[in-house]
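Only one structure is covered here, and it is reproduced in the block below.
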Amino acid sequence: MTDHNGQPGSFGPPQQPQQPQQPQQPQQPQQQAWQAPGQGGQQAQGQQQPTAPQPSYPQPQQLPSDAARAQVAAAWVRNAPGQAAVPTLPPRETRPQGESKKEKRERERAARKAAYEQKMAAKAQRKKGGTATAPVPTHATPAAHASTAPTAHAAPSPAAHAATSPASAPKATTATPTARPSRDFDVPKPGGRIATGGRRTHVALRATLLVTTCVFALGSCGVMGLMVGKSSGPSTAGLDSADAAKYRLTEFPTQQAASFAEQYALLCMTYSPEKASARRENLARYASSGVDPECGWSGEGKSTAISASWDGTAEQLPEYGANGRYIGVQVRTTDGALTTLTVPVYVKDLKTGEGMRVAGDVGQMPMPARADAPETDQDDEVVDEALSQQLQEKVLPGYFAAWGASDATAMSRFTTPDASQAATSGLAGRLRNPAINDVVALVPESLQDTDPYAYKAEQSVQVRVIVDWGDPKGETMRRSYRMTVVNTAQGWFIKDIRGGVLDSQGGRADSDADSDTAPGTGTGAPSTDPTDPAAPNASAPASPSPSASASASTTTQSSKGQKPGRS
């Protein structure tokens with residue numbers, strides 16, 4: 001590597017000793033201080049051309065001094081290998097040795113502060129209406145203040161003069177660019193205001209937009225409020241008197257008046273000579289002043305009422321209008337007699353039900369008329385005798401024994417996993433010692449045409465069962481059940497059980513003569529004659545035995561209206 005800053009090397013023609021150069025004017029910036037290698041001869045002869053004013057265009061980015069020196073040296077060697085002249089290299093950029101990092105930061109901070117103050121001054125000038133003059137920044141380069149390095153004078157060759165002369169001529173005659181007219185104008189920042197608009201215009205526009213938005217919001221809220229208010233308002237359907245009578249709609253407190261009448265009927269049907277005075281005082285608390293204080297009792301005989309219930313009738317009192325009703329009450333006495341009494345009740349306050357009073361004497365009415373039950377059609381039923389016998393002997397005895405005692409462990413061996421609550425709860429010991437009296441297994445319609453009956457897995461079959469139970473007193477009673485059994489791979493299991501079995505015969509068990517002479521159906525006051533068959537304390541039974549009626553019905557329902565099955 002040859003040092004081009006020192007004396008000429010061993011290549012090229014012999015060089016003459018360099019002459020000291022006269023002081024020259026301060027050099028131009030680094031880009032103009034040195035020329036291309038082809039122009040080095042002219043500079044070496046001291047021919048200094050006047051520098052034409054350069055337009056204030058953006059200059060290319062300067063390279064570091066070391067890199068610039070290396071590029072110039074390499075270009076000179078390649079272009080002019082036979083010349084001995086050393087091109088002028090840009091001076092090394094030196095950094096003041098005494099400047100520290102802190103001083104550099106302070107200098108940069110001062111420069112930023114000066115730029116900010118200048119910007120604020122220009123902004124204040126624009127507000128006053130004038131035009132701010134943009135300052136022309138001066139960029140001083142170290143090369144402008146450095147002394148001009150001595151130029152090496154080399155003997156130029158004729159080829160060099162021929163190459164450099166035409167190239168230098170156009171530069172000498174380059175015309176100075178004309179100054180452009182000033183077209184300064186203010187450009188607002190992105191999102192900023194235009195200087196000519198003024199703050200008042202923007203404030204008025206914002207206020208208008210805000211008021212318009214508020215008006216629309218209030219209007220929308222008002223409309224929504226009206227719509228919600230109308231939709232949430234109570235809507236009542238108009239009902240006339242016919243609809244009110246059809247659906248028994250009334251303002252009268254019927255339930256409270258019925259409870260009041262039941263209490264009075266219990267006192268009226270309970271009497272004895274030993275407690276006549278106490279009974280009279282109790283009746284007086286319910287009745288008005290003109291009502292019979294004994295409630296129709298003659299003072300002889302005994303009777304005890306055990307229950308009283310409203311029969312659902314409530315006839316309006318014409319004298320009291322909406323405040324009075326005739327309430328029907330059915331009273332059961334200890335001898336089993338059932339009596340129907342009509343009690344007139346007055347209510348003062350219809351809203352609260354307060355101020356009740358029995359406003360008249362009671363009347364005894366006959367029992368409501370009973371109708372005949374129609375027969376049920378069981379001709380299409382087919383009974384599987386084999387399945388009925390299997391359930392009666394192997395499945396149902398163990399299940400009912402566990403079901404009567406509410407033995408959950410034992411019941412789990414007879415019930416399906418999805419069995420109903422009734423099938424898995426039991427009677428909790430109220431009944432015991434079950435005996436299966438009769439079992440009727442009905443073949444499903446889908447299997448009635450098959451021979452033999454082929455039950456698929458998970459096939460359900462309806463079963464009617466009659467069971468004779470023993471109560472804790474040792475007496476026997478008969479009960480009927482409807483059951484659902486399911487066929488599985490392990491056998492038949494119970495899924496559901498319900499009480500009651502329908503009588504297929506229908507009709508009525510009593511006769512017209514029996515209903516006319518039934519106890520408690522007279523029209524007078526309570527009778528006290530023990531010889532009267534209709535008296536409450538008569539020795540004759542008031543109704544047939546429940547066990548006898550159940551036995552009579554169950555013996556006939558399994559044999560009538562059923563097709564014999566195939567075993």
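Convention: chains lettered A, B, ... in structure tokens order; per-chain residue numbering from 1; ligands numbered from 1 as shown.
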DSSP strand (DSSP E or B) residues within segment 214-368 of chain A, as a ChimeraX atom specification: /A:271,287,303,305-317,321-333,338-347,356-358,363-365
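Proximity to Met365 of chain A was assessed for A:Met411, A:Ala423, A:Val331, A:Leu396 counting only C-alpha atoms; the smallest distance is recorded for A:Val331.
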Distance query segment 481-492 of chain A at most 6 Å, only C-alpha atoms, self and fewer than 3 positions along chain excluded, as a short mmCIF file (atom, residue, chain, number, x, y, z; two decimals) with C-alpha atoms, in the first residue's frame:
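Result file is part18.cif:
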```cif
data_model
loop_
_atom_site.label_atom_id
_atom_site.label_comp_id
_atom_site.auth_asym_id
_atom_site.auth_seq_id
_atom_site.Cartn_x
_atom_site.Cartn_y
_atom_site.Cartn_z
CA ALA A 457 -86.35 -57.70 25.78
CA GLU A 458 -87.56 -54.51 27.51
CA GLN A 459 -91.17 -55.44 26.62
CA SER A 460 -93.69 -53.87 29.06
CA VAL A 461 -96.87 -55.66 30.17
CA GLN A 462 -99.81 -54.22 32.14
CA VAL A 463 -100.99 -56.29 35.11
CA ARG A 464 -103.99 -56.00 37.45
CA VAL A 465 -103.41 -57.40 40.93
CA LYS A 495 -91.31 -50.80 36.94
CA ASP A 496 -94.40 -49.02 38.32
CA ILE A 497 -97.35 -49.55 40.65
CA ARG A 498 -100.57 -47.54 41.01
CA GLY A 499 -103.62 -47.99 43.17
CA GLY A 500 -107.17 -48.71 42.08
#
```
Atom pair atom CA of Leu209 of chain A / atom CA of Val228 of chain A: separation (Å): 28.7 Å
Shell of 8 Å around Asp372 of chain A, only C-alpha atoms, local chain residues under 5 positions omitted, as a VMD selection string: chain A and resid 506 to 508
Computed interatomic separation between atom CA of Ala410 of chain A and atom CA of Asp468 of chain A (Å): 20.2 Å
Exercise: Thr334 of chain A partners within 7 Å, only C-alpha atoms, chain neighbours under 5 positions left out, as a PyMOL selection string: chain A and resi 304-306
Selection from above, N, CA, C and O atoms, as a PDB file, in the first residue's frame, can you write it?
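Writing done, so here's selection27.pdb:
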```pdb
ATOM      1  N   THR A 304    -122.542 -36.720  67.990  1.00  0.00           N
ATOM      2  CA  THR A 304    -121.186 -36.149  67.916  1.00  0.00           C
ATOM      3  C   THR A 304    -120.752 -36.127  66.453  1.00  0.00           C
ATOM      4  O   THR A 304    -120.723 -37.179  65.796  1.00  0.00           O
ATOM      5  N   ALA A 305    -120.458 -34.945  65.978  1.00  0.00           N
ATOM      6  CA  ALA A 305    -119.953 -34.783  64.601  1.00  0.00           C
ATOM      7  C   ALA A 305    -118.428 -34.917  64.601  1.00  0.00           C
ATOM      8  O   ALA A 305    -117.746 -34.331  65.451  1.00  0.00           O
ATOM      9  N   ILE A 306    -117.913 -35.677  63.649  1.00  0.00           N
ATOM     10  CA  ILE A 306    -116.457 -35.886  63.577  1.00  0.00           C
ATOM     11  C   ILE A 306    -115.808 -35.139  62.416  1.00  0.00           C
ATOM     12  O   ILE A 306    -114.599 -34.914  62.432  1.00  0.00           O
TER      13      ILE A 306
END
```
